[in-house]
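Student: The file below is structure.txt, compact mmCIF, C-alpha atoms and all ligand atoms:
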# COMPACT_ATOMS: atom_id res chain seq x y z
CA MET A 1 0.00 0.00 0.00
CA PHE A 2 2.93 2.30 0.64
CA THR A 3 4.57 1.97 -2.79
CA PRO A 4 3.60 3.58 -6.12
CA GLU A 5 2.51 0.17 -7.53
CA GLY A 6 0.58 -0.56 -4.35
CA ARG A 7 -1.24 2.75 -4.63
CA GLU A 8 -2.29 1.92 -8.18
CA ASP A 9 -3.75 -1.43 -7.14
CA PRO A 10 -3.30 -2.47 -3.50
CA TYR A 11 -5.95 -5.19 -3.63
CA PRO A 12 -3.98 -8.32 -4.67
CA ALA A 13 -1.35 -7.76 -1.96
CA LEU A 14 -4.00 -6.98 0.65
CA ALA A 15 -5.84 -10.20 -0.28
CA ARG A 16 -2.63 -12.20 0.24
CA LEU A 17 -2.09 -10.53 3.60
CA ARG A 18 -5.67 -11.29 4.68
CA GLU A 19 -5.26 -14.93 3.63
CA THR A 20 -1.91 -15.46 5.35
CA GLU A 21 -1.91 -13.13 8.36
CA PRO A 22 -5.18 -11.20 8.85
CA VAL A 23 -3.82 -9.63 12.05
CA CYS A 24 -0.29 -8.71 11.09
CA PHE A 25 2.20 -6.79 13.24
CA SER A 26 4.56 -4.59 11.23
CA PRO A 27 7.73 -3.89 13.21
CA THR A 28 8.65 -1.14 10.72
CA VAL A 29 5.43 0.80 11.30
CA GLY A 30 4.94 -0.43 14.88
CA SER A 31 1.25 -1.26 14.29
CA TYR A 32 -1.06 -4.25 13.91
CA PHE A 33 -2.71 -4.24 10.46
CA LEU A 34 -6.22 -5.77 10.32
CA THR A 35 -7.45 -6.91 6.93
CA ALA A 36 -10.59 -8.98 7.73
CA PHE A 37 -13.95 -7.18 7.66
CA ASP A 38 -15.25 -8.48 11.01
CA ASP A 39 -12.01 -7.59 12.84
CA CYS A 40 -12.03 -4.06 11.40
CA ARG A 41 -15.70 -3.50 12.20
CA SER A 42 -15.45 -4.81 15.74
CA VAL A 43 -12.40 -2.63 16.54
CA LEU A 44 -14.02 0.52 15.12
CA ALA A 45 -17.21 -0.14 17.09
CA ASP A 46 -15.43 -1.12 20.33
CA PRO A 47 -15.23 1.66 22.97
CA ASP A 48 -12.05 0.00 24.32
CA PHE A 49 -10.24 1.13 21.17
CA LEU A 50 -9.65 4.88 21.12
CA VAL A 51 -8.34 7.26 18.48
CA PRO A 52 -4.66 8.27 18.81
CA ASP A 53 -4.91 11.44 20.92
CA ARG A 54 -2.54 14.29 21.69
CA ASP A 55 -0.69 12.47 24.52
CA TRP A 56 -0.22 9.33 22.47
CA CYS A 57 1.03 11.25 19.44
CA GLU A 58 3.38 13.46 21.44
CA ARG A 59 5.04 10.28 22.63
CA ARG A 60 5.03 8.55 19.23
CA ILE A 61 5.36 11.46 16.77
CA PRO A 62 7.13 14.29 18.60
CA ASP A 63 7.88 16.13 15.31
CA GLY A 64 4.45 17.81 15.45
CA ALA A 65 5.30 19.66 18.68
CA GLY A 66 4.63 23.40 18.49
CA ARG A 67 3.03 23.19 15.04
CA PRO A 68 -0.35 24.91 14.50
CA SER A 69 -1.57 21.98 12.41
CA ALA A 70 -0.78 19.49 15.20
CA ASP A 71 -2.51 21.79 17.69
CA PHE A 72 -5.59 21.86 15.40
CA PHE A 73 -5.64 18.14 14.67
CA TYR A 74 -5.05 16.86 18.19
CA SER A 75 -7.69 19.07 19.74
CA SER A 76 -10.25 18.13 17.05
CA MET A 77 -12.95 15.49 17.38
CA LEU A 78 -10.89 13.12 15.21
CA ALA A 79 -8.29 12.89 18.00
CA THR A 80 -10.42 13.03 21.16
CA ASP A 81 -12.62 10.52 22.92
CA HIS A 82 -15.30 10.26 25.60
CA ALA A 83 -16.61 13.53 27.08
CA ALA A 84 -14.15 15.79 25.19
CA HIS A 85 -15.19 14.18 21.90
CA ASP A 86 -18.94 14.35 22.71
CA ARG A 87 -18.63 18.04 23.53
CA LEU A 88 -17.13 18.83 20.10
CA ARG A 89 -19.25 16.42 18.10
CA ARG A 90 -22.71 17.12 19.57
CA LEU A 91 -23.05 20.53 17.97
CA VAL A 92 -21.91 19.39 14.52
CA VAL A 93 -24.20 16.35 14.54
CA ARG A 94 -27.12 18.61 15.40
CA GLU A 95 -26.19 21.07 12.67
CA LEU A 96 -25.73 18.33 10.07
CA SER A 97 -29.12 16.84 10.89
CA VAL A 98 -31.15 14.94 8.30
CA ARG A 99 -33.29 18.07 7.98
CA ARG A 100 -30.37 20.38 7.18
CA VAL A 101 -28.88 17.91 4.70
CA ALA A 102 -32.28 17.45 3.01
CA ALA A 103 -32.57 21.22 2.78
CA LEU A 104 -29.30 21.26 0.83
CA ALA A 105 -30.58 18.80 -1.79
CA ALA A 106 -31.87 21.37 -4.29
CA GLY A 107 -28.66 23.42 -3.98
CA VAL A 108 -26.54 20.29 -4.50
CA GLU A 109 -28.47 19.43 -7.69
CA GLU A 110 -27.82 22.95 -8.97
CA LEU A 111 -24.10 22.81 -8.13
CA CYS A 112 -23.84 19.43 -9.92
CA ALA A 113 -25.57 20.89 -12.99
CA GLU A 114 -23.20 23.88 -13.04
CA ALA A 115 -20.11 21.66 -12.75
CA LEU A 116 -21.43 19.43 -15.55
CA ASP A 117 -22.12 22.49 -17.74
CA ARG A 118 -18.43 23.40 -17.42
CA PHE A 119 -17.47 19.80 -18.16
CA ALA A 120 -19.77 19.67 -21.21
CA ALA A 121 -18.25 22.86 -22.60
CA ALA A 122 -14.69 21.57 -22.13
CA ALA A 123 -15.47 18.04 -23.38
CA ASP A 124 -17.06 19.25 -26.59
CA GLY A 125 -15.41 16.95 -29.16
CA THR A 126 -12.31 16.32 -27.04
CA ALA A 127 -11.17 14.76 -23.75
CA ALA A 128 -11.68 16.81 -20.59
CA ASP A 129 -10.35 16.31 -17.07
CA PHE A 130 -13.30 15.19 -14.95
CA HIS A 131 -11.22 15.57 -11.79
CA GLU A 132 -10.34 19.21 -12.34
CA LEU A 133 -13.72 20.24 -13.73
CA VAL A 134 -16.14 18.26 -11.57
CA ALA A 135 -14.82 15.87 -8.90
CA ALA A 136 -12.56 18.43 -7.19
CA PRO A 137 -14.57 21.68 -7.34
CA LEU A 138 -18.01 20.15 -6.61
CA PRO A 139 -17.36 18.98 -3.02
CA VAL A 140 -15.70 22.32 -2.23
CA ALA A 141 -18.81 24.08 -3.53
CA VAL A 142 -21.14 21.78 -1.55
CA VAL A 143 -19.28 22.04 1.74
CA GLY A 144 -18.86 25.76 1.03
CA GLU A 145 -22.64 26.04 0.64
CA LEU A 146 -23.17 24.15 3.90
CA ILE A 147 -20.77 26.37 5.84
CA GLY A 148 -21.58 29.62 4.06
CA VAL A 149 -18.35 30.26 2.10
CA PRO A 150 -19.11 32.69 -0.77
CA PRO A 151 -18.42 31.17 -4.23
CA GLY A 152 -15.60 33.63 -4.96
CA ASP A 153 -13.58 32.38 -1.96
CA ARG A 154 -13.92 28.64 -2.64
CA GLU A 155 -10.97 28.14 -4.99
CA ARG A 156 -8.55 29.74 -2.50
CA LEU A 157 -9.98 27.61 0.29
CA ARG A 158 -9.62 24.50 -1.85
CA ALA A 159 -5.84 25.03 -1.99
CA LEU A 160 -5.68 25.59 1.78
CA GLY A 161 -7.84 22.49 2.32
CA ASP A 162 -5.50 20.43 0.12
CA ASP A 163 -2.59 21.51 2.31
CA THR A 164 -4.51 20.80 5.53
CA CYS A 165 -5.29 17.26 4.33
CA ARG A 166 -1.58 16.38 4.52
CA LEU A 167 -2.51 15.78 8.17
CA LEU A 168 -4.27 12.61 7.04
CA GLU A 169 -0.98 11.05 5.91
CA PRO A 170 -0.18 8.10 8.19
CA VAL A 171 3.51 9.13 8.21
CA ARG A 172 3.99 12.89 7.83
CA THR A 173 7.18 14.21 6.23
CA PRO A 174 8.53 17.68 7.20
CA GLU A 175 7.01 18.93 3.92
CA ASP A 176 3.59 17.47 4.92
CA TRP A 177 3.82 19.30 8.26
CA ASP A 178 4.82 22.59 6.58
CA ARG A 179 1.95 22.38 4.10
CA ALA A 180 -0.50 21.40 6.85
CA ASP A 181 0.65 24.39 8.97
CA HIS A 182 0.12 26.69 6.00
CA GLY A 183 -3.34 25.24 5.33
CA VAL A 184 -4.54 25.30 8.94
CA THR A 185 -3.24 28.83 9.57
CA GLY A 186 -4.96 30.13 6.42
CA LEU A 187 -8.24 28.35 7.13
CA ARG A 188 -8.26 29.47 10.78
CA GLU A 189 -7.78 33.06 9.68
CA TYR A 190 -10.54 32.77 7.08
CA PHE A 191 -13.11 31.12 9.37
CA THR A 192 -12.35 33.55 12.22
CA GLY A 193 -13.39 36.32 9.85
CA LEU A 194 -16.45 34.40 8.62
CA LEU A 195 -17.72 33.84 12.19
CA ARG A 196 -17.26 37.56 12.93
CA GLU A 197 -19.17 38.42 9.77
CA ARG A 198 -22.04 36.00 10.55
CA ARG A 199 -22.33 37.32 14.10
CA ALA A 200 -22.96 40.73 12.59
CA ARG A 201 -25.21 39.49 9.75
CA PRO A 202 -26.54 35.96 10.39
CA THR A 203 -27.91 33.82 7.57
CA GLU A 204 -29.06 30.19 7.38
CA ASP A 205 -25.66 28.50 7.08
CA LEU A 206 -23.52 26.43 9.45
CA ALA A 207 -21.20 29.38 10.21
CA SER A 208 -24.22 31.41 11.37
CA ALA A 209 -25.45 28.52 13.54
CA LEU A 210 -22.02 28.22 15.19
CA ALA A 211 -21.68 32.00 15.54
CA ALA A 212 -25.00 32.04 17.41
CA GLN A 213 -23.77 29.62 20.11
CA PRO A 214 -23.74 31.34 23.51
CA PRO A 215 -20.14 31.62 24.80
CA ASP A 216 -20.93 30.01 28.16
CA GLY A 217 -19.09 27.31 30.12
CA GLY A 218 -20.84 24.42 28.36
CA GLY A 219 -20.38 25.86 24.87
CA LEU A 220 -17.28 25.86 22.68
CA THR A 221 -14.58 28.53 22.83
CA GLU A 222 -14.08 30.82 19.82
CA ARG A 223 -10.98 28.85 18.80
CA GLU A 224 -12.97 25.59 19.00
CA LEU A 225 -15.78 27.02 16.86
CA VAL A 226 -13.23 28.13 14.25
CA ASP A 227 -11.56 24.70 14.34
CA VAL A 228 -14.92 22.95 13.90
CA LEU A 229 -15.34 24.86 10.63
CA VAL A 230 -11.76 24.04 9.58
CA LEU A 231 -12.41 20.35 10.26
CA VAL A 232 -15.80 20.22 8.53
CA PHE A 233 -14.31 22.01 5.51
CA ALA A 234 -11.20 19.84 5.25
CA ALA A 235 -12.85 16.51 6.15
CA GLY A 236 -15.82 17.34 3.94
CA PHE A 237 -14.11 17.74 0.62
CA GLU A 238 -10.91 15.72 -0.06
CA THR A 239 -12.68 12.49 0.89
CA THR A 240 -15.66 13.34 -1.31
CA VAL A 241 -13.36 14.29 -4.20
CA GLY A 242 -11.89 10.78 -3.96
CA MET A 243 -15.31 9.17 -3.84
CA LEU A 244 -16.68 11.01 -6.89
CA GLY A 245 -13.65 10.35 -9.10
CA GLN A 246 -13.36 6.71 -8.08
CA ALA A 247 -17.10 6.04 -8.45
CA VAL A 248 -17.10 7.36 -12.02
CA HIS A 249 -13.84 5.58 -12.83
CA ALA A 250 -15.18 2.25 -11.49
CA LEU A 251 -18.39 2.55 -13.48
CA LEU A 252 -16.62 3.41 -16.73
CA ALA A 253 -14.10 0.61 -16.21
CA HIS A 254 -17.13 -1.72 -16.20
CA PRO A 255 -19.19 -0.52 -19.19
CA GLU A 256 -21.84 -3.22 -18.68
CA GLN A 257 -22.45 -1.83 -15.14
CA TRP A 258 -22.69 1.72 -16.50
CA GLU A 259 -25.22 0.44 -19.06
CA LEU A 260 -27.21 -1.38 -16.38
CA LEU A 261 -27.32 1.77 -14.28
CA ARG A 262 -28.48 3.76 -17.27
CA ARG A 263 -31.39 1.38 -17.69
CA ARG A 264 -32.11 1.22 -13.96
CA PRO A 265 -31.21 4.58 -12.36
CA GLU A 266 -32.99 3.52 -9.17
CA LEU A 267 -29.80 1.52 -8.52
CA VAL A 268 -27.72 4.71 -8.18
CA PRO A 269 -27.51 4.65 -4.33
CA ALA A 270 -26.45 0.97 -4.46
CA ALA A 271 -23.89 1.77 -7.18
CA LEU A 272 -22.39 4.47 -4.99
CA GLU A 273 -22.08 2.03 -2.06
CA GLU A 274 -20.50 -0.50 -4.39
CA SER A 275 -17.94 2.04 -5.55
CA LEU A 276 -17.13 2.92 -1.92
CA ARG A 277 -16.60 -0.77 -1.28
CA TRP A 278 -14.69 -1.57 -4.46
CA ASP A 279 -12.28 1.39 -4.30
CA GLY A 280 -13.11 3.90 -1.60
CA PRO A 281 -11.31 7.10 -0.60
CA VAL A 282 -10.27 6.23 2.99
CA PRO A 283 -8.11 3.11 2.86
CA MET A 284 -7.47 2.79 6.59
CA THR A 285 -7.70 4.40 10.00
CA GLU A 286 -6.02 3.89 13.36
CA ARG A 287 -7.08 3.00 16.88
CA ILE A 288 -5.20 2.40 20.14
CA ALA A 289 -6.04 -0.61 22.34
CA THR A 290 -6.76 0.59 25.90
CA ARG A 291 -6.43 -2.95 27.32
CA ALA A 292 -4.68 -6.16 26.36
CA THR A 293 -6.94 -8.16 24.07
CA GLU A 294 -7.04 -10.81 21.39
CA LEU A 295 -7.86 -10.16 17.74
CA GLY A 296 -8.29 -13.07 15.34
CA GLY A 297 -6.31 -15.31 17.73
CA VAL A 298 -3.41 -12.81 18.05
CA SER A 299 -2.61 -11.19 21.43
CA VAL A 300 -2.58 -7.42 21.20
CA PRO A 301 -1.06 -5.59 24.19
CA ALA A 302 -2.57 -2.52 25.88
CA GLY A 303 -1.34 0.65 24.18
CA ALA A 304 -0.85 -1.04 20.79
CA SER A 305 -1.61 0.81 17.56
CA VAL A 306 -4.12 -1.05 15.39
CA ILE A 307 -4.73 -0.08 11.77
CA THR A 308 -8.12 -1.10 10.37
CA VAL A 309 -7.51 -1.49 6.64
CA MET A 310 -10.95 -0.82 5.18
CA ALA A 311 -9.60 -1.24 1.64
CA ALA A 312 -8.85 -4.88 2.53
CA ALA A 313 -11.97 -5.45 4.64
CA HIS A 314 -14.16 -4.43 1.71
CA ARG A 315 -12.75 -7.26 -0.42
CA ASP A 316 -13.12 -9.93 2.29
CA PRO A 317 -14.70 -13.06 0.73
CA ALA A 318 -16.11 -13.97 4.16
CA CYS A 319 -18.48 -11.00 3.81
CA PHE A 320 -18.80 -10.32 0.08
CA THR A 321 -19.53 -12.87 -2.63
CA ASP A 322 -16.95 -12.66 -5.42
CA PRO A 323 -15.43 -9.59 -3.69
CA ASP A 324 -13.22 -8.38 -6.56
CA ALA A 325 -16.20 -8.10 -8.92
CA PHE A 326 -17.80 -4.64 -9.26
CA ARG A 327 -21.58 -5.11 -9.28
CA VAL A 328 -24.06 -2.30 -8.82
CA GLU A 329 -26.82 -4.81 -7.99
CA ARG A 330 -24.92 -6.18 -4.99
CA THR A 331 -27.05 -6.62 -1.88
CA ASP A 332 -24.25 -7.54 0.57
CA GLY A 333 -22.72 -4.08 0.25
CA ARG A 334 -22.42 -2.71 3.83
CA VAL A 335 -19.28 -0.60 4.00
CA LEU A 336 -16.90 0.78 6.61
CA SER A 337 -15.96 3.70 4.37
CA PHE A 338 -17.41 6.18 6.86
CA SER A 339 -15.94 4.27 9.83
CA ALA A 340 -18.15 2.89 12.63
CA GLY A 341 -18.77 3.58 16.32
CA ALA A 342 -18.16 6.88 18.09
CA HIS A 343 -16.29 8.53 15.21
CA TYR A 344 -18.72 7.57 12.45
CA CYS A 345 -18.47 10.29 9.80
CA VAL A 346 -20.84 13.17 10.51
CA GLY A 347 -20.96 14.04 6.80
CA ALA A 348 -21.89 10.60 5.44
CA ALA A 349 -25.47 11.59 4.51
CA LEU A 350 -24.27 14.71 2.71
CA ALA A 351 -21.55 12.79 0.83
CA ARG A 352 -24.10 10.17 -0.25
CA LEU A 353 -26.58 12.82 -1.35
CA GLU A 354 -23.90 14.52 -3.43
CA GLY A 355 -22.57 11.32 -4.98
CA ALA A 356 -26.05 10.12 -5.96
CA ALA A 357 -27.05 13.51 -7.41
CA LEU A 358 -23.91 13.63 -9.55
CA LEU A 359 -24.26 10.06 -10.84
CA ARG A 360 -27.92 10.59 -11.77
CA GLN A 361 -27.13 13.76 -13.72
CA LEU A 362 -24.12 12.15 -15.42
CA LEU A 363 -26.18 9.18 -16.59
CA GLU A 364 -28.86 11.46 -17.96
CA ARG A 365 -26.65 14.01 -19.65
CA PHE A 366 -23.70 11.90 -20.83
CA PRO A 367 -24.94 8.36 -21.54
CA GLY A 368 -21.92 7.74 -23.78
CA LEU A 369 -19.30 8.90 -21.24
CA LYS A 370 -16.03 6.98 -21.60
CA PRO A 371 -12.39 7.02 -20.46
CA ALA A 372 -10.13 9.11 -22.72
CA GLY A 373 -6.56 8.57 -21.51
CA SER A 374 -4.69 7.37 -18.47
CA PRO A 375 -5.90 8.63 -15.11
CA VAL A 376 -3.28 9.85 -12.61
CA ARG A 377 -3.66 8.86 -8.97
CA ARG A 378 -2.98 11.22 -6.09
CA THR A 379 0.24 10.63 -4.17
CA GLY A 380 0.33 9.89 -0.46
CA ASP A 381 -1.18 7.10 1.57
CA GLY A 382 -3.89 8.77 3.63
CA LEU A 383 -6.53 9.01 0.91
CA ARG A 384 -7.21 7.32 -2.41
CA GLY A 385 -8.38 9.28 -5.43
CA PHE A 386 -7.29 10.87 -8.70
CA LEU A 387 -5.37 13.98 -9.69
CA ARG A 388 -6.39 13.61 -13.34
CA LEU A 389 -9.28 11.69 -14.86
CA PRO A 390 -9.62 12.37 -18.60
CA LEU A 391 -13.03 11.47 -20.00
CA ALA A 392 -14.87 12.00 -23.28
CA THR A 393 -18.59 12.40 -23.83
C1 LIG A 401 -17.07 10.17 0.68
C2 LIG A 401 -16.91 11.11 1.58
C3 LIG A 401 -16.42 10.88 2.97
C4 LIG A 401 -15.76 9.82 3.51
C5 LIG A 401 -15.31 8.53 2.82
C6 LIG A 401 -15.53 10.12 4.91
C7 LIG A 401 -14.90 9.27 5.81
C8 LIG A 401 -14.75 9.51 7.15
C9 LIG A 401 -14.18 8.59 8.10
C10 LIG A 401 -13.61 7.21 7.76
C11 LIG A 401 -14.23 9.18 9.33
C12 LIG A 401 -13.78 8.59 10.66
C13 LIG A 401 -12.31 8.39 10.80
C14 LIG A 401 -12.03 7.46 11.95
O1 LIG A 401 -12.92 6.71 12.41
O2 LIG A 401 -10.87 7.43 12.41
C15 LIG A 401 -14.83 10.50 9.15
C16 LIG A 401 -15.02 11.39 10.16
C17 LIG A 401 -15.48 12.66 9.96
N1 LIG A 401 -16.01 13.18 8.80
FE1 LIG A 401 -16.14 12.24 7.01
N2 LIG A 401 -16.06 11.35 5.18
C18 LIG A 401 -16.63 11.84 4.03
C19 LIG A 401 -17.30 13.04 3.89
C20 LIG A 401 -17.48 13.97 4.88
C21 LIG A 401 -18.22 15.19 4.74
C22 LIG A 401 -18.97 15.63 3.47
C23 LIG A 401 -18.11 15.85 5.95
C24 LIG A 401 -18.67 17.17 6.38
C25 LIG A 401 -19.56 17.87 5.75
C26 LIG A 401 -17.30 15.02 6.82
C27 LIG A 401 -16.96 15.34 8.11
C28 LIG A 401 -16.37 14.47 9.01
C29 LIG A 401 -16.09 14.83 10.40
C30 LIG A 401 -16.34 16.17 11.08
C31 LIG A 401 -15.54 13.68 10.99
C32 LIG A 401 -15.07 13.51 12.44
C33 LIG A 401 -16.08 12.68 13.23
C34 LIG A 401 -15.58 12.26 14.59
O3 LIG A 401 -14.37 12.08 14.77
O4 LIG A 401 -16.42 12.11 15.50
N3 LIG A 401 -16.97 13.89 6.15
N4 LIG A 401 -15.15 10.66 7.83
Mind turning this structure into C-alpha cells?
Tutor:
Amino acid sequence: MFTPEGREDPYPALARLRETEPVCFSPTVGSYFLTAFDDCRSVLADPDFLVPDRDWCERRIPDGAGRPSADFFYSSMLATDHAAHDRLRRLVVRELSVRRVAALAAGVEELCAEALDRFAAAADGTAADFHELVAAPLPVAVVGELIGVPPGDRERLRALGDDTCRLLEPVRTPEDWDRADHGVTGLREYFTGLLRERRARPTEDLASALAAQPPDGGGLTERELVDVLVLVFAAGFETTVGMLGQAVHALLAHPEQWELLRRRPELVPAALEESLRWDGPVPMTERIATRATELGGVSVPAGASVITVMAAAHRDPACFTDPDAFRVERTDGRVLSFSAGAHYCVGAALARLEGAALLRQLLERFPGLKPAGSPVRRTGDGLRGFLRLPLAT
C-alpha cells in the first residue's frame, strides 16, 4: 500500500495478507494491520479502542510539537474521545441533521448541474479532465454552501484544504507538516473572519449557527468554533473528491455496469455504495487498544496501535460474494468507508446525497461517457483518489 505500484492497485497484496496473516504486526510501522472485515468493524465499534490522541502522538510522533496543524488536529474530534469528543461532536451532529442535509438537496443538484455544464463545454469533441472540472470543485462548492463560504472564496480555500489534508498522511514528512501548517493557519484566519461576519449578519448557514452559540461554560470557545469549521471544511471535501472520481472511474471501467445503471437509475444509491466498497477514498484508519486483548487469535497488548484497513476489509470473501467483482446490484454491500462507532463520519449523509445527485445527472446528460486517456492517482497514503481523470462524452 505504501509503494507507487501498491497505490495503483493495493488489492492483490491486501488479499494475500488477509489470507496469510489477517492480524499482522509490522515492526517497521509499529502497528497491527487488520485486513478482515469483522475484525475491522469490531475494533471501530469497540469503545475500548480509542483514536490516537494528543498524549499518544506526542510520545510517538514528537515532530508535530509546536506546530499549528498538530494543535488543530489533536484538539479536534478526530483525535479526542469520551466527554471531550462528545462536547465537540454534539453541535456538529445537530447542525448536520437529516433536515439540514435534506434542505441542501436542491442546492446540491444545482451545483452538480453547473459543474457538468463546465465539463460539457470543455469536453465538446475532445477529452476533458473530470477531476479538475467536476470531482474536485463540486465537493468544495457543496461544503462551502453548507458552511456559508461565498463562491468567490472557494478556490482559494480548496488550496488551503489540500494543504490541511496532509494531516491525514499516516507518516507525515517535514514537507507534509509545513503544508498542513500553512493550510490550517490560512483556514483558521478565514473562518475567524467568517464567524465575525455571521455574528454581525446571520444567515441560514452552518457558520451562522455556530456563531450564534452562547459563549458560556458548556459551549465551545471561539478557537474551537473556528476549528470545527476548519475540520468540517477539510474533512468534507478531499474524501468526497476521492469518492466522486473513483465512483465514475469504477463505473466506466465496467461498461456493462454503466449500461445497467443507465437502464435502472434507481440503482444509483447501491452503485455508490459498491464504488465505496470496491475502491473507496479512505483506505485505513487507526485505533489504540486501551487494554490487552485478542484479535483473530493474536494477542494485542494494551497501548498497541491497530490499523483497520478498510480497503482490505471491503474485499473480504467472508463477507462479500466474489469480492473483486464490481456489481451495482450487490445486496451484501455494507461498507466501513465512513468508519463505525463513536467517530462515524458526521458528513456521510451529505456525501451520499452529493454522490447520488452527480451520478444521476451524469447518466442522464452523458450516456456515452467513456475514459479518454490514463488517469493519474494522487500521491500519499492517507486518501485514495485521482489527480487527473480524462473522459470524453
Ligand atoms: C465520501 C466522503 C467521505 C468519507 C469517505 C468520509 C470518511 C470519514 C471517516 C472514515 C471518518 C472517521 C475516521 C475514523 O474513524 O478514524 C470520518 C469522520 C469525519 N467526517 Fe467524514 N467522510 C466523508 C465526507 C465527509 C463530509 C462531506 C463531511 C462534512 C460535511 C465530513 C466530516 C467528518 C467529520 C467532522 C468527521 C469527524 C467525526 C468524529 O471524529 O467524530 N466527512 N469521515
Student: So what do you get for CA of Ala200 (chain A) versus CA of Leu225 (chain A), distance-wise?
Tutor: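 Interatomic distance, CA of Ala200 (chain A) to CA of Leu225 (chain A): 16.1 Å.
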Student: Collect all residues with atoms no farther than 8 Å from ligand LIG 401 (chain A), counting only C-alpha atoms and all ligand atoms, and output them as a PyMOL selection string.
Tutor: chain A and resi 44+51+76-80+85-86+89+92+96+139+143+146+228+231-244+276+280-282+284-287+336-352+355
Student: Next, write the just-selected residues to a file, as a compact mmCIF listing (two decimals), keeping the file's coordinate frame, keeping C-alpha atoms as the atom set.
Tutor:
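Once everything was written out, this is out10.txt:
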# COMPACT_ATOMS: atom_id res chain seq x y z
CA LEU A 44 -14.02 0.52 15.12
CA VAL A 51 -8.34 7.26 18.48
CA SER A 76 -10.25 18.13 17.05
CA MET A 77 -12.95 15.49 17.38
CA LEU A 78 -10.89 13.12 15.21
CA ALA A 79 -8.29 12.89 18.00
CA THR A 80 -10.42 13.03 21.16
CA HIS A 85 -15.19 14.18 21.90
CA ASP A 86 -18.94 14.35 22.71
CA ARG A 89 -19.25 16.42 18.10
CA VAL A 92 -21.91 19.39 14.52
CA LEU A 96 -25.73 18.33 10.07
CA PRO A 139 -17.36 18.98 -3.02
CA VAL A 143 -19.28 22.04 1.74
CA LEU A 146 -23.17 24.15 3.90
CA VAL A 228 -14.92 22.95 13.90
CA LEU A 231 -12.41 20.35 10.26
CA VAL A 232 -15.80 20.22 8.53
CA PHE A 233 -14.31 22.01 5.51
CA ALA A 234 -11.20 19.84 5.25
CA ALA A 235 -12.85 16.51 6.15
CA GLY A 236 -15.82 17.34 3.94
CA PHE A 237 -14.11 17.74 0.62
CA GLU A 238 -10.91 15.72 -0.06
CA THR A 239 -12.68 12.49 0.89
CA THR A 240 -15.66 13.34 -1.31
CA VAL A 241 -13.36 14.29 -4.20
CA GLY A 242 -11.89 10.78 -3.96
CA MET A 243 -15.31 9.17 -3.84
CA LEU A 244 -16.68 11.01 -6.89
CA LEU A 276 -17.13 2.92 -1.92
CA GLY A 280 -13.11 3.90 -1.60
CA PRO A 281 -11.31 7.10 -0.60
CA VAL A 282 -10.27 6.23 2.99
CA MET A 284 -7.47 2.79 6.59
CA THR A 285 -7.70 4.40 10.00
CA GLU A 286 -6.02 3.89 13.36
CA ARG A 287 -7.08 3.00 16.88
CA LEU A 336 -16.90 0.78 6.61
CA SER A 337 -15.96 3.70 4.37
CA PHE A 338 -17.41 6.18 6.86
CA SER A 339 -15.94 4.27 9.83
CA ALA A 340 -18.15 2.89 12.63
CA GLY A 341 -18.77 3.58 16.32
CA ALA A 342 -18.16 6.88 18.09
CA HIS A 343 -16.29 8.53 15.21
CA TYR A 344 -18.72 7.57 12.45
CA CYS A 345 -18.47 10.29 9.80
CA VAL A 346 -20.84 13.17 10.51
CA GLY A 347 -20.96 14.04 6.80
CA ALA A 348 -21.89 10.60 5.44
CA ALA A 349 -25.47 11.59 4.51
CA LEU A 350 -24.27 14.71 2.71
CA ALA A 351 -21.55 12.79 0.83
CA ARG A 352 -24.10 10.17 -0.25
CA GLY A 355 -22.57 11.32 -4.98
Student: Near His314 (chain A), counting all atoms listed in the file, which residues have an atom at most 7 Å away, once you skip same-chain residues fewer than 3 positions from it, shown as a ChimeraX atom specification?
Tutor: /A:37,277-278,310-311,335
Student: Mind pulling up the distance from CA of Trp177 (chain A) to CA of Asp153 (chain A)?
Tutor: 24.0 Å
Student: Tell me, as a list in words, which residues lie within 9 Å of Lys370 (chain A), counting all atoms listed in the file; anything in the same chain fewer than 6 positions away does not count.
Tutor: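 Counting all atoms listed in the file, the residues come to Leu252, Ala253, Pro255, Pro390, Leu391, Ala392 and Thr393 of chain A.
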Student: Choose the residue, out of A:Ile288, A:Ala141, A:Val328, A:Cys319, that has the smallest atom-to-atom separation from Asp48 (chain A); count all atoms listed in the file.
Tutor: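 Closest residue, counting all atoms listed in the file: A:Ile288.
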Student: Just how far from CA of Gln246 (chain A) is CA of Arg327 (chain A), in Å to one decimal?
Tutor: 14.4 Å
Student: Please identify all polymer residues within 7 Å of Val376 (chain A), counting only C-alpha atoms, omitting same-chain residues fewer than 3 positions from it, and present them as a ChimeraX atom specification.
Tutor: /A:386-389
Student: Would you mind exporting C-alpha atoms of the selected residues as a PDB file, in the frame of the given file?
Tutor:
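Printed below is result_27.pdb as written:
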ATOM      1  CA  PHE A 386      -7.290  10.870  -8.700  1.00  0.00           C
ATOM      2  CA  LEU A 387      -5.370  13.980  -9.690  1.00  0.00           C
ATOM      3  CA  ARG A 388      -6.390  13.610 -13.340  1.00  0.00           C
ATOM      4  CA  LEU A 389      -9.280  11.690 -14.860  1.00  0.00           C
TER       5      LEU A 389
END
Student: As number ranges by chain, please: the residues near region 163-171 of chain A (cut-off 7 Å, all atoms listed in the file, same-chain neighbours under 5 positions excluded).
Tutor: A: 176, 179-180, 182-184, 234, 380-382
Student: Which residue gives the smallest distance to Ser31 (chain A) among A:Ala84, A:Arg60, A:Val230, A:Ala136, with all atoms listed in the file counted?
Tutor: A:Arg60
Student: Compare A:Ala127, A:Ala313, A:Leu88, A:Ala318 by their minimum atom-to-atom distance to Glu224 (chain A), counting only C-alpha atoms, and give me the closest one.
Tutor: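 Comparing A:Ala127, A:Ala313, A:Leu88, A:Ala318 against Glu224 (chain A), the winner is A:Leu88.
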